[in-house]
Every structure is written in structure tokens, then in C-alpha cells.
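S.K.: Sharing entry-v6.txt below, compact mmCIF, C-alpha atoms:
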# COMPACT_ATOMS: atom_id res chain seq x y z
CA MET F 1 -6.14 -12.32 5.67
CA THR F 2 -8.76 -11.33 8.21
CA GLY F 3 -8.27 -9.08 11.19
CA ARG F 4 -10.02 -9.05 14.53
CA GLY F 5 -13.72 -10.04 14.19
CA ASP F 6 -13.84 -8.84 10.61
CA LEU F 7 -15.85 -9.92 7.61
CA SER F 8 -14.71 -12.93 5.61
CA VAL F 9 -11.94 -12.36 3.10
CA ARG F 10 -14.39 -12.87 0.25
CA ALA F 11 -16.75 -10.24 1.69
CA GLN F 12 -13.86 -7.79 2.10
CA VAL F 13 -12.80 -8.31 -1.51
CA LEU F 14 -16.38 -7.98 -2.77
CA LEU F 15 -16.71 -4.69 -0.86
CA TRP F 16 -13.55 -3.45 -2.58
CA THR F 17 -14.92 -4.59 -5.95
CA ALA F 18 -18.26 -2.87 -5.28
CA GLN F 19 -16.46 0.34 -4.42
CA ARG F 20 -14.45 0.27 -7.65
CA ALA F 21 -17.53 -0.54 -9.73
CA SER F 22 -19.59 2.21 -8.06
CA ALA F 23 -16.71 4.64 -8.64
CA ALA F 24 -16.93 3.93 -12.37
CA VAL F 25 -20.67 4.65 -12.30
CA LEU F 26 -20.12 7.83 -10.26
CA ALA F 27 -17.49 9.12 -12.69
CA VAL F 28 -20.16 9.23 -15.40
CA CYS F 29 -23.01 10.34 -13.14
CA VAL F 30 -21.12 13.28 -11.62
CA VAL F 31 -20.16 14.61 -15.08
CA VAL F 32 -23.74 14.31 -16.39
CA HIS F 33 -25.08 15.89 -13.19
CA LEU F 34 -22.73 18.90 -13.32
CA VAL F 35 -23.16 19.49 -17.05
CA THR F 36 -26.94 19.32 -16.63
CA ILE F 37 -26.91 21.85 -13.79
CA LEU F 38 -24.73 24.28 -15.75
CA TYR F 39 -26.88 23.86 -18.85
CA ALA F 40 -30.20 24.13 -16.99
CA VAL F 41 -29.45 27.30 -15.07
CA ARG F 42 -27.49 29.19 -17.73
CA GLY F 43 -30.54 31.33 -18.48
CA GLY F 44 -31.58 31.63 -14.84
CA LEU F 45 -34.37 29.18 -13.98
CA THR F 46 -36.61 29.31 -10.93
CA ALA F 47 -37.17 26.24 -8.75
CA ALA F 48 -40.70 25.94 -10.10
CA GLU F 49 -39.45 25.97 -13.68
CA VAL F 50 -36.86 23.29 -12.89
CA LEU F 51 -39.48 21.09 -11.26
CA GLY F 52 -41.79 21.64 -14.20
CA ARG F 53 -39.19 20.13 -16.49
CA THR F 54 -38.03 17.29 -14.24
CA GLN F 55 -41.23 15.90 -12.75
CA GLY F 56 -42.64 12.94 -14.60
CA SER F 57 -39.40 12.19 -16.45
CA VAL F 58 -38.84 8.45 -16.11
CA ALA F 59 -35.39 8.62 -17.74
CA TRP F 60 -34.08 11.27 -15.33
CA ALA F 61 -35.64 9.49 -12.36
CA ALA F 62 -33.87 6.28 -13.42
CA PHE F 63 -30.58 8.13 -13.90
CA TYR F 64 -30.71 9.73 -10.45
CA PHE F 65 -31.85 6.48 -8.86
CA LEU F 66 -28.64 4.93 -10.22
CA PHE F 67 -26.63 7.94 -8.99
CA VAL F 68 -28.05 7.61 -5.47
CA ALA F 69 -27.45 3.85 -5.43
CA ALA F 70 -23.82 4.35 -6.48
CA VAL F 71 -23.28 6.96 -3.74
CA ALA F 72 -24.89 4.73 -1.10
CA VAL F 73 -22.53 1.90 -2.08
CA HIS F 74 -19.37 3.91 -2.68
CA ALA F 75 -19.19 6.37 0.20
CA PRO F 76 -19.74 4.02 3.16
CA ILE F 77 -17.11 1.53 1.91
CA GLY F 78 -14.57 4.33 1.62
CA LEU F 79 -15.60 5.70 5.00
CA ARG F 80 -15.10 2.22 6.48
CA SER F 81 -11.43 2.31 5.45
CA VAL F 82 -10.96 5.89 6.62
CA LEU F 83 -12.44 5.13 10.05
CA ALA F 84 -10.47 1.89 10.41
CA GLU F 85 -7.18 3.55 9.55
CA THR F 86 -7.73 6.83 11.40
CA PHE F 87 -9.25 5.54 14.63
CA ASN F 88 -8.09 1.90 14.55
CA TRP F 89 -11.80 1.05 14.63
CA ARG F 90 -12.60 -2.42 13.36
CA GLY F 91 -15.16 -5.18 13.90
CA ARG F 92 -18.91 -5.39 14.13
CA SER F 93 -19.57 -1.90 15.49
CA LEU F 94 -17.82 -0.39 12.47
CA GLU F 95 -19.74 -2.61 10.02
CA VAL F 96 -23.07 -1.67 11.62
CA THR F 97 -22.15 2.04 11.57
CA VAL F 98 -21.33 2.08 7.88
CA ILE F 99 -24.48 0.08 7.02
CA VAL F 100 -26.54 2.71 8.88
CA ILE F 101 -24.74 5.45 6.93
CA ALA F 102 -25.37 3.59 3.67
CA LEU F 103 -29.10 3.31 4.45
CA ALA F 104 -29.30 6.97 5.46
CA LEU F 105 -27.60 8.09 2.24
CA ALA F 106 -29.91 5.89 0.17
CA LEU F 107 -32.98 7.18 2.00
CA TRP F 108 -32.07 10.86 1.70
CA GLY F 109 -31.08 10.44 -1.92
CA LEU F 110 -34.23 8.55 -2.90
CA ARG F 111 -36.35 11.14 -1.08
CA ALA F 112 -34.78 13.83 -3.25
CA VAL F 113 -35.33 11.74 -6.40
CA TYR F 114 -38.97 11.29 -5.42
CA ALA F 115 -39.41 15.01 -4.77
CA VAL F 116 -37.76 16.22 -7.97
CA PHE F 117 -38.73 13.61 -10.53
CA ILE F 118 -41.87 11.78 -9.46
CA MET H 1 39.52 18.08 4.13
CA SER H 2 35.99 19.24 4.90
CA ALA H 3 33.82 17.62 7.55
CA LEU H 4 30.29 16.29 7.52
CA ARG H 5 28.02 17.04 10.45
CA VAL H 6 26.10 13.83 11.07
CA SER H 7 23.17 13.42 13.48
CA VAL H 8 22.72 9.79 14.42
CA TRP H 9 19.81 8.29 16.36
CA ARG H 10 20.88 6.85 19.72
CA GLY H 11 18.54 4.81 21.89
CA THR H 12 15.53 2.61 21.23
CA GLU H 13 11.97 3.83 20.60
CA SER H 14 12.87 6.78 22.79
CA GLY H 15 16.22 8.43 22.43
CA ARG H 16 17.87 11.41 20.78
CA PHE H 17 20.07 12.36 17.86
CA GLN H 18 23.80 12.60 18.62
CA LEU H 19 26.01 14.84 16.52
CA PHE H 20 29.29 13.57 15.04
CA GLU H 21 31.83 15.21 12.77
CA VAL H 22 33.04 12.88 10.05
CA PRO H 23 35.77 13.60 7.47
CA ARG H 24 34.30 14.13 4.02
CA LEU H 25 35.83 11.78 1.45
CA GLU H 26 35.42 11.28 -2.26
CA SER H 27 32.84 8.64 -3.32
CA GLN H 28 31.82 8.25 0.32
CA THR H 29 28.65 6.29 1.03
CA VAL H 30 26.31 6.78 3.97
CA LEU H 31 27.36 3.35 5.21
CA ASP H 32 30.99 4.50 5.10
CA VAL H 33 29.98 7.42 7.33
CA VAL H 34 28.24 5.17 9.86
CA THR H 35 31.15 2.73 9.82
CA TYR H 36 33.62 5.56 10.43
CA ILE H 37 31.60 6.72 13.45
CA GLN H 38 31.46 3.20 14.88
CA ARG H 39 35.15 2.47 14.30
CA ALA H 40 36.72 5.84 15.07
CA LEU H 41 34.35 7.88 17.23
CA ASP H 42 31.96 5.70 19.24
CA SER H 43 32.29 1.92 19.26
CA THR H 44 28.96 1.53 21.06
CA LEU H 45 26.98 2.59 17.99
CA ALA H 46 24.74 -0.28 16.83
CA TYR H 47 24.00 -0.69 13.12
CA ARG H 48 23.60 -3.55 10.68
CA TYR H 49 25.25 -4.37 7.38
CA ALA H 50 26.77 -7.33 5.58
CA CYS H 51 27.62 -7.25 1.87
CA ARG H 52 28.23 -3.49 1.27
CA VAL H 53 27.37 -3.95 -2.42
CA GLY H 54 23.57 -3.78 -2.55
CA MET H 55 22.80 -7.48 -2.44
CA CYS H 56 21.96 -8.47 1.13
CA GLY H 57 19.38 -5.82 2.06
CA SER H 58 20.57 -5.41 5.65
CA CYS H 59 21.85 -1.81 5.79
CA ALA H 60 18.66 0.18 5.13
CA MET H 61 18.23 3.23 7.36
CA THR H 62 16.36 6.53 7.32
CA VAL H 63 18.67 9.13 5.77
CA ASN H 64 17.54 12.76 5.87
CA GLY H 65 13.96 11.60 6.38
CA ARG H 66 13.86 8.93 3.66
CA ALA H 67 14.39 5.20 3.84
CA ARG H 68 17.43 4.23 1.76
CA TRP H 69 19.96 1.45 1.33
CA THR H 70 23.00 3.11 2.85
CA CYS H 71 25.70 1.05 1.10
CA ARG H 72 24.65 2.33 -2.32
CA THR H 73 23.67 5.84 -1.27
CA HIS H 74 26.48 8.31 -1.87
CA VAL H 75 26.81 11.22 0.50
CA ASP H 76 26.83 13.48 -2.59
CA GLN H 77 23.25 12.42 -3.34
CA VAL H 78 21.75 13.15 0.06
CA ALA H 79 23.85 15.55 2.17
CA ARG H 80 22.32 19.01 2.51
CA GLU H 81 24.87 21.74 3.30
CA GLY H 82 27.24 19.12 4.67
CA ARG H 83 24.64 17.66 7.04
CA LEU H 84 23.19 14.20 7.36
CA GLU H 85 20.54 12.85 9.70
CA ILE H 86 20.61 9.07 10.04
CA GLY H 87 17.96 7.11 11.93
CA PRO H 88 16.51 3.60 12.01
CA LEU H 89 13.82 2.50 9.53
CA SER H 90 10.27 3.66 10.31
CA ASN H 91 7.37 1.27 10.92
CA LEU H 92 9.58 -1.28 12.69
CA PRO H 93 10.51 -1.59 16.39
CA VAL H 94 13.94 -0.19 17.16
CA VAL H 95 16.30 -2.65 18.84
CA ARG H 96 19.04 -0.07 19.43
CA ASP H 97 20.40 2.97 17.59
CA LEU H 98 20.13 2.19 13.85
CA VAL H 99 19.07 -1.45 14.21
CA THR H 100 15.41 -2.37 13.79
CA ASP H 101 13.70 -5.65 14.60
CA MET H 102 12.79 -7.10 11.19
CA SER H 103 10.78 -10.04 12.62
CA GLU H 104 7.39 -8.51 11.86
CA PHE H 105 8.50 -7.69 8.31
CA PHE H 106 9.53 -11.27 7.55
CA ASP H 107 6.65 -12.80 9.53
CA LYS H 108 4.38 -11.01 7.07
CA TRP H 109 6.21 -12.62 4.15
CA ALA H 110 5.36 -15.97 5.75
CA ALA H 111 1.73 -14.86 6.35
CA ALA H 112 1.51 -13.93 2.65
CA ARG H 113 2.60 -17.50 1.85
CA GLY H 114 5.77 -16.14 0.30
CA ARG H 115 7.34 -19.58 0.04
CA PHE H 116 7.49 -21.52 -3.21
CA ARG H 117 5.60 -24.78 -3.14
CA GLY H 118 6.01 -27.07 -6.12
CA ALA H 119 4.65 -30.47 -7.09
CA THR H 120 7.86 -32.06 -8.36
CA THR H 121 10.81 -33.71 -6.66
CA ARG H 122 14.53 -33.66 -7.36
CA LYS H 123 14.04 -36.85 -9.40
CA ASP H 124 11.86 -34.99 -11.90
CA ASP H 125 13.25 -33.15 -14.89
CA PHE H 126 13.69 -29.36 -14.82
CA ALA H 127 10.57 -27.34 -15.51
CA ARG H 128 10.82 -25.45 -18.78
CA VAL H 129 9.50 -21.92 -18.37
CA PRO H 130 9.83 -19.72 -21.46
CA PRO H 131 11.55 -16.50 -20.32
CA GLY H 132 9.38 -14.49 -22.71
CA SER H 133 6.06 -15.87 -21.49
CA ALA H 134 3.63 -13.32 -20.05
CA GLN H 135 3.60 -14.85 -16.58
CA ARG H 136 7.37 -15.20 -16.37
CA ARG H 137 7.82 -11.57 -17.37
CA LEU H 138 5.44 -10.50 -14.58
CA ALA H 139 7.37 -12.62 -12.08
CA ASP H 140 10.70 -11.26 -13.33
CA ALA H 141 9.50 -7.67 -12.79
CA GLY H 142 9.37 -8.23 -9.04
CA ILE H 143 11.87 -11.01 -8.45
CA GLU H 144 14.95 -8.93 -7.64
CA CYS H 145 13.69 -7.85 -4.20
CA ILE H 146 16.47 -8.07 -1.60
CA GLY H 147 14.18 -7.72 1.42
CA CYS H 148 15.75 -4.49 2.65
CA GLY H 149 12.52 -3.14 4.17
CA VAL H 150 12.77 0.29 2.50
CA CYS H 151 9.29 -0.05 0.96
CA TYR H 152 7.79 -1.22 4.25
CA SER H 153 9.32 1.74 6.04
CA ALA H 154 8.09 4.18 3.37
CA CYS H 155 4.49 2.88 3.33
CA ASP H 156 1.79 5.05 4.94
CA VAL H 157 -0.69 2.17 5.05
CA VAL H 158 1.71 0.11 7.20
CA ALA H 159 1.77 3.04 9.64
CA TRP H 160 -2.03 3.30 9.71
CA ASN H 161 -2.90 -0.39 9.67
CA PRO H 162 -0.51 -2.59 11.66
CA ASP H 163 -2.08 -5.75 10.20
CA TYR H 164 -1.27 -4.71 6.62
CA LEU H 165 1.12 -7.18 5.02
CA GLY H 166 3.10 -4.44 3.29
CA PRO H 167 4.58 -3.95 -0.18
CA ALA H 168 7.46 -6.43 0.00
CA ALA H 169 5.40 -9.41 1.17
CA LEU H 170 2.70 -8.67 -1.41
CA ASN H 171 5.28 -8.24 -4.18
CA ARG H 172 6.76 -11.61 -3.22
CA ALA H 173 3.29 -13.19 -3.32
CA TRP H 174 2.70 -11.75 -6.80
CA THR H 175 5.94 -13.21 -8.16
CA LEU H 176 4.82 -16.63 -6.89
CA MET H 177 1.31 -16.17 -8.31
CA ASN H 178 3.03 -15.89 -11.68
CA ASP H 179 5.32 -18.86 -11.16
CA VAL H 180 3.71 -21.58 -13.26
CA ARG H 181 5.40 -24.30 -11.18
CA ASP H 182 3.83 -23.16 -7.92
CA THR H 183 0.88 -25.14 -6.55
CA ASP H 184 -0.21 -22.90 -3.69
CA ARG H 185 -1.77 -20.08 -5.65
CA ARG H 186 -5.36 -20.24 -4.47
CA ALA H 187 -4.44 -20.37 -0.77
CA ARG H 188 -1.92 -17.58 -1.33
CA LEU H 189 -4.51 -15.39 -3.01
CA ALA H 190 -6.84 -15.84 -0.03
CA ALA H 191 -3.94 -15.02 2.33
CA VAL H 192 -3.08 -11.75 0.61
CA ALA H 193 -6.61 -10.47 -0.14
CA GLY H 194 -8.82 -8.17 1.90
CA ASP H 195 -8.45 -5.41 4.47
CA ALA H 196 -5.04 -6.50 5.77
CA GLY H 197 -3.78 -7.50 2.36
CA CYS H 198 -3.53 -6.04 -1.12
CA HIS H 199 -6.92 -4.30 -0.97
CA ALA H 200 -5.69 -2.00 1.81
CA CYS H 201 -3.15 -0.40 -0.56
CA HIS H 202 -4.01 3.23 -1.41
CA THR H 203 -1.65 3.35 -4.39
CA HIS H 204 0.42 6.17 -2.89
CA MET H 205 3.39 4.52 -4.64
CA SER H 206 5.94 5.49 -2.00
CA CYS H 207 7.20 1.89 -2.15
CA SER H 208 7.77 2.10 -5.90
CA GLU H 209 9.45 5.48 -5.62
CA ARG H 210 11.82 4.41 -2.85
CA CYS H 211 12.63 0.84 -3.88
CA PRO H 212 16.40 0.79 -4.44
CA LYS H 213 15.98 -2.04 -6.95
CA GLN H 214 13.46 -0.06 -9.02
CA ILE H 215 10.78 -2.67 -8.45
CA SER H 216 7.17 -1.49 -8.46
CA PRO H 217 5.36 -3.24 -5.59
CA THR H 218 2.38 -1.03 -6.48
CA ALA H 219 2.06 -2.81 -9.83
CA SER H 220 2.36 -6.20 -8.12
CA ILE H 221 -0.32 -5.22 -5.61
CA ALA H 222 -2.59 -4.03 -8.43
CA GLY H 223 -2.17 -7.44 -10.04
CA LEU H 224 -3.12 -9.15 -6.80
CA LYS H 225 -6.17 -6.89 -6.40
CA ARG H 226 -7.45 -7.84 -9.85
CA ALA H 227 -6.75 -11.55 -9.40
CA ALA H 228 -8.42 -11.61 -5.96
CA ALA H 229 -11.47 -9.65 -7.16
CA ILE H 230 -11.98 -12.12 -10.02
CA ALA H 231 -11.50 -15.07 -7.63
CA ALA H 232 -13.98 -13.58 -5.13
CA LEU H 233 -16.60 -13.03 -7.85
CA LYS H 234 -16.16 -16.65 -8.91
CA GLY H 235 -16.40 -17.83 -5.30
CA GLU H 236 -12.88 -19.27 -5.38
CA ILE H 237 -11.67 -17.48 -2.24
Starting from the file, lay out its structure as C-alpha cells.

M.R.:
Amino acid sequence: MTGRGDLSVRAQVLLWTAQRASAAVLAVCVVVHLVTILYAVRGGLTAAEVLGRTQGSVAWAAFYFLFVAAVAVHAPIGLRSVLAETFNWRGRSLEVTVIVIALALALWGLRAVYAVFI
Amino acid sequence: MSALRVSVWRGTESGRFQLFEVPRLESQTVLDVVTYIQRALDSTLAYRYACRVGMCGSCAMTVNGRARWTCRTHVDQVAREGRLEIGPLSNLPVVRDLVTDMSEFFDKWAAARGRFRGATTRKDDFARVPPGSAQRRLADAGIECIGCGVCYSACDVVAWNPDYLGPAALNRAWTLMNDVRDTDRRARLAAVAGDAGCHACHTHMSCSERCPKQISPTASIAGLKRAAAIAALKGEI
């Protein structure tokens, strides 16, 4: 069932599916991320020491690339529902807004991946 | 004989609670209380009921802040310090006093294609559906809905998203999705999927908690979500 000027039903369902799939990825990524932080700083590392260990690591770069991609998919889809339900905001302007947010999250995240791992 | 102090909603969307004193009786239901008020204290009170035995689904009201079927709700269960507050169901327009307009609720059943559509005629033999089959058991889990509107009134998503079909209509659709005789399943799945359908459900489970028939619309909606996601990935909807 579509509402006013919304995406097709199939697109709506695929967005929901993408959000669930990205949530599954995030569940793993967040745990790995937190455990790594706690492990890495337990002895008190400086920023330079952290960068010395992370830069050039293809595996960690790939892991955080996946993490950023999952965030960029997951958060805007959830935000789309929150905005629609809270402000009764629907239609093209909402879709464009969340796409912009998705691109911004991806850009900021990839910039951090580039800075820390490449 | 002790007395109950009962606040009853009077008016339409705007109005006020009016206080009545009602004799407290043994095994008294909330519907008994409302009926006493209408018959003995104020004949202008508008409310709706029919069967009085939990079959017709017409007497649901908001009792002390929760949607309930009043004919099967004993005063003992809900009265707090001898007080009751009785109002119309939430999420539906109020016609007058305790009567809500259920049109939108049942229109959404129709929008969810909640009508059985088969391929056989009365000249054909009976369909044989094994009661123990997986699909029949799923249909049976939701089939006892009496359309009282308690779940619809309890649902936060209905309040936030007026287009949302609601738990009862989606539960009905799920029972038909599992009816092996039905021929309208693909169109029904498309009708109940997406932002105004099953995928809007946040799994708060208020519907399942409040359903007087102990049905779990949440489980039915989860089934629809899975079925629709698979159909969307296959390009079938």
C-alpha cells in the first residue's frame, strides 16, 4: 500500500530489508569495534601509536569500509521512518533528505577510514 | 452495598468526563456498569454492545486508560479504589460518548484485501485442509479475531501514521495468506506491504498484550514482513 507520492511498494519493502540486513552487519561490527578499542587502549596508547598499527592494514580498512557502508544504509532508513511518523513528513522531499544524509554519512565515514587505515 | 465512582466520557472529540455513582455488585462487568448508568441514571448516554458474551466485538472501550472488551472485563480486575474511568476507544473518531466510528477500521480490512477469494464454486467438493498442516496452524493462530478494535486502539503506530493498516487488518490478511484455498495471495501481499502496511510495525506488541482473544497480531505481522521481503527480492510484488 503506497501513501502520498511515495516510493513503490517494492522499493519500500527493499528499504526495510536493507535496514534489517545492515542491522545484522552492524551487530557484529559494533562488537568488534568496541572490543578492539578496549583492547587497544588498555595500556594507554597515543594517537601516533594507534595510527602506526592501523595504517596499511588492508583487513582493518576492509572491515571499517563495511562498517561505514552498513551505517550509511541503516541510519537514514530508520531516520526516514522517524521523520515520517514524528513530523508527518512524506514524499519526495523526505526521500531526497535521507539520501543526502546517507551520502554525508558515507563520505564522513570513508574519510575517517582513509585517514586511519590508508 | 458499596458504590463505584465512575467517570464516563460525554461528548464527541471534545467533551468531558461525567461522574456517576453506581452500586457495586458481585461479578459485575464494566458493561454492566455502563448499562446501569444508561438505564437508571442518564438515558442519553450513548454506548454500543450486542452479544454481552465476548463474541460480537462491539463493546470495546477505554477502561482506566486501557482498551478492553467491557462485557468480559470484571470490575474486580480494573477498578482502583472503587473508581473507574470509561472512555471511547483511542485512534478512532468519536461519534458520541462511548461510541466510536469504526468505518476507518473496517475500511482498512478491505484495503488489506481481508476477504477470502477462492477458485471453486458450490458445485465443487469440499476442500480438504489437514488441521495439523503448517499453514492451517498459522491461520488458526489468528482466526478467532472478533474485530473489536482493541488492538487498533492500543497501537502507537496507528496514532503516528494514519495510513497504517493496523494490527487487526494485517492479522486478517495473514490468516488468508495461509489459507491454501485462497487465490488472491500475491495481490494481498502487495496490499499489506510497505510503509503503510506490515513494515511500519515497530513490534511494540501492545496489540498482542491487549488482545482479549489472546491472538498475537505481532506474530502475524512478522510473518507478513518475511513473506513480503522474500516476494520483493524475487520481484513478485

S.K.: Pick out the closest residue to chain H from this set: F:Val98, F:Ala18, F:Val13, F:Val116. Count all atoms listed in the file.

M.R.: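 Ranking F:Val98, F:Ala18, F:Val13, F:Val116 by distance to chain H, first place goes to F:Val13.
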
S.K.: Give me the box for segment 34-46 of chain H as AutoDock Vina command-line options, namely the centre and edge lengths in Å to one decimal of a box along x, y and z that holds every listed atom plus 3 Å on each side.

M.R.:
--center_x 30.7 --center_y 3.8 --center_z 15.4 --size_x 18.0 --size_y 14.2 --size_z 17.2

S.K.: Considering all atoms listed in the file, give me a table of residues in chain F that are at most 10 Å from chain H, with the closest atom pair and distance in Å for each, as a tab-separated table.

M.R.:
residue	atom	partner	partner_atom	distance
F:Met1	CA	H:Ala191	CA	4.8
F:Thr2	CA	H:Ala196	CA	6.6
F:Gly3	CA	H:Ala196	CA	6.8
F:Arg4	CA	H:Asp163	CA	9.6
F:Asp6	CA	H:Asp195	CA	8.9
F:Leu7	CA	H:Asp195	CA	9.2
F:Ser8	CA	H:Gly194	CA	8.4
F:Val9	CA	H:Gly194	CA	5.4
F:Arg10	CA	H:Ala232	CA	5.4
F:Ala11	CA	H:Ala232	CA	8.1
F:Gln12	CA	H:Gly194	CA	5.1
F:Val13	CA	H:Gly194	CA	5.2
F:Leu14	CA	H:Ala232	CA	6.5
F:Leu15	CA	H:Gly194	CA	9.1
F:Trp16	CA	H:His199	CA	6.9
F:Thr17	CA	H:Ala229	CA	6.2
F:Ala18	CA	H:Ala229	CA	9.8
F:Ser81	CA	H:Ala200	CA	8.0
F:Val82	CA	H:Trp160	CA	9.8
F:Ala84	CA	H:Asn161	CA	7.9
F:Glu85	CA	H:Trp160	CA	5.2
F:Thr86	CA	H:Trp160	CA	6.9
F:Phe87	CA	H:Trp160	CA	9.0
F:Asn88	CA	H:Asn161	CA	7.5

S.K.: Would you pick out the contacts of Met55 of chain H at 12 Å or less, using only C-alpha atoms, so that residues sharing its chain but fewer than 6 positions from it are not included, and give the list as an MDAnalysis selection string?

M.R.: chainID H and resid 49 69:72 144:148 212:213

S.K.: I'd like the contact shell of Gly142 of chain H - 12 Å cut-off, all atoms listed in the file, skipping same-chain residues fewer than 2 positions apart - returned as a PyMOL selection string.

M.R.: chain H and resi 135-140+144-147+167-179+208+211+213-221+223

S.K.: Using all atoms listed in the file, what residues lie at most 12 Å away from (20.5, 10.6, -3.7) (file coordinates), given as a list in words?

M.R.: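 Answer for this query, in the requested form: Thr29, Val30, Val63, Asn64, Arg66, Ala67, Arg68, Trp69, Thr70, Cys71, Arg72, Thr73, His74, Val75, Asp76, Gln77, Val78, Ala79, Arg80, Leu84, Arg210 and Pro212 of chain H.
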
S.K.: Enter the distance from atom CA of Leu105 of chain F to atom CA of Ala72 of chain F, in Å, rounded to one decimal.

M.R.: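 We find that atom CA of Leu105 of chain F and atom CA of Ala72 of chain F lie 5.5 Å from each other.
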
S.K.: For Val113 of chain F, find every residue with an atom within 7 Å (counting all atoms listed in the file), except residues of its own chain fewer than 4 positions away, and show them as a compact mmCIF listing (two decimals) with C-alpha atoms, keeping the file's coordinate frame.

M.R.:
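Heads up, here's the output in around.txt:
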# COMPACT_ATOMS: atom_id res chain seq x y z
CA ALA F 61 -35.64 9.49 -12.36
CA TYR F 64 -30.71 9.73 -10.45
CA PHE F 65 -31.85 6.48 -8.86
CA GLY F 109 -31.08 10.44 -1.92
CA PHE F 117 -38.73 13.61 -10.53

S.K.: Record the distance separating atom CA of Ala134 of chain H and atom CA of Thr120 of chain H, expressed in Å with one decimal.

M.R.: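 Separation between atom CA of Ala134 of chain H and atom CA of Thr120 of chain H: 22.5 Å.
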
S.K.: One decimal, in Å: what's the spacing between atom CA of Leu26 of chain F and atom CA of Ile118 of chain F?

M.R.: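 Here the two named atoms are 22.1 Å from each other.
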
S.K.: Using all atoms listed in the file, which residue out of F:Ile77, F:Ala69, F:Ala23, F:Ala47 lies closest to Trp108 of chain F?

M.R.: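 Checking each of F:Ile77, F:Ala69, F:Ala23, F:Ala47 against Trp108 of chain F, counting all atoms listed in the file, the winner is F:Ala69.
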
S.K.: Counting all atoms listed in the file, which residues sit no farther than 12 Å from the position (21.3, 11.9, 15.3) in the file's frame? I'd like them as a list in words.

M.R.: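 Every polymer residue passing the test: Arg5, Val6, Ser7, Val8, Trp9, Arg10, Gly11, Gly15, Arg16, Phe17, Gln18, Leu19, Phe20, Glu21, Val34, Ile37, Leu45, Thr62, Val63, Asn64, Gly65, Arg83, Leu84, Glu85, Ile86, Gly87, Pro88, Asp97 and Leu98 of chain H.
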
S.K.: Could segment 105-123 of chain H be completed with N, CA and C atoms and returned as an mmCIF file, keeping the file's coordinate frame?

M.R.:
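The new file result-v1.cif reads:
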data_model
loop_
_atom_site.group_PDB
_atom_site.id
_atom_site.type_symbol
_atom_site.label_atom_id
_atom_site.label_comp_id
_atom_site.auth_asym_id
_atom_site.auth_seq_id
_atom_site.Cartn_x
_atom_site.Cartn_y
_atom_site.Cartn_z
ATOM 1 N N PHE H 105 8.390 -7.819 9.774
ATOM 2 C CA PHE H 105 8.500 -7.690 8.310
ATOM 3 C C PHE H 105 8.562 -9.069 7.651
ATOM 4 N N PHE H 106 9.401 -9.947 8.184
ATOM 5 C CA PHE H 106 9.530 -11.270 7.550
ATOM 6 C C PHE H 106 8.399 -12.214 7.964
ATOM 7 N N ASP H 107 7.827 -12.015 9.150
ATOM 8 C CA ASP H 107 6.650 -12.800 9.530
ATOM 9 C C ASP H 107 5.514 -12.562 8.530
ATOM 10 N N LYS H 108 5.434 -11.332 8.033
ATOM 11 C CA LYS H 108 4.380 -11.010 7.070
ATOM 12 C C LYS H 108 4.652 -11.663 5.708
ATOM 13 N N TRP H 109 5.904 -11.853 5.371
ATOM 14 C CA TRP H 109 6.210 -12.620 4.150
ATOM 15 C C TRP H 109 5.657 -14.038 4.307
ATOM 16 N N ALA H 110 5.858 -14.609 5.506
ATOM 17 C CA ALA H 110 5.360 -15.970 5.750
ATOM 18 C C ALA H 110 3.829 -15.976 5.722
ATOM 19 N N ALA H 111 3.194 -14.940 6.334
ATOM 20 C CA ALA H 111 1.730 -14.860 6.350
ATOM 21 C C ALA H 111 1.164 -14.716 4.940
ATOM 22 N N ALA H 112 1.939 -14.095 4.053
ATOM 23 C CA ALA H 112 1.510 -13.930 2.650
ATOM 24 C C ALA H 112 1.833 -15.179 1.828
ATOM 25 N N ARG H 113 2.209 -16.239 2.499
ATOM 26 C CA ARG H 113 2.600 -17.500 1.850
ATOM 27 C C ARG H 113 3.649 -17.230 0.773
ATOM 28 N N GLY H 114 4.706 -16.542 1.221
ATOM 29 C CA GLY H 114 5.770 -16.140 0.300
ATOM 30 C C GLY H 114 6.795 -17.228 0.031
ATOM 31 N N ARG H 115 6.406 -18.473 0.262
ATOM 32 C CA ARG H 115 7.340 -19.580 0.040
ATOM 33 C C ARG H 115 6.885 -20.400 -1.170
ATOM 34 N N PHE H 116 7.817 -20.707 -2.041
ATOM 35 C CA PHE H 116 7.490 -21.520 -3.210
ATOM 36 C C PHE H 116 7.067 -22.922 -2.781
ATOM 37 N N ARG H 117 6.008 -23.393 -3.386
ATOM 38 C CA ARG H 117 5.600 -24.780 -3.140
ATOM 39 C C ARG H 117 5.329 -25.446 -4.487
ATOM 40 N N GLY H 118 6.151 -26.397 -4.844
ATOM 41 C CA GLY H 118 6.010 -27.070 -6.120
ATOM 42 C C GLY H 118 5.440 -28.476 -5.979
ATOM 43 N N ALA H 119 5.229 -29.126 -7.118
ATOM 44 C CA ALA H 119 4.650 -30.470 -7.090
ATOM 45 C C ALA H 119 5.684 -31.523 -7.488
ATOM 46 N N THR H 120 6.871 -31.105 -7.859
ATOM 47 C CA THR H 120 7.860 -32.060 -8.360
ATOM 48 C C THR H 120 8.928 -32.341 -7.310
ATOM 49 N N THR H 121 9.716 -33.359 -7.559
ATOM 50 C CA THR H 121 10.810 -33.710 -6.660
ATOM 51 C C THR H 121 12.128 -33.562 -7.411
ATOM 52 N N ARG H 122 13.225 -33.798 -6.712
ATOM 53 C CA ARG H 122 14.530 -33.660 -7.360
ATOM 54 C C ARG H 122 14.753 -34.744 -8.416
ATOM 55 N N LYS H 123 13.912 -35.782 -8.397
ATOM 56 C CA LYS H 123 14.040 -36.850 -9.400
ATOM 57 C C LYS H 123 13.393 -36.449 -10.731
#
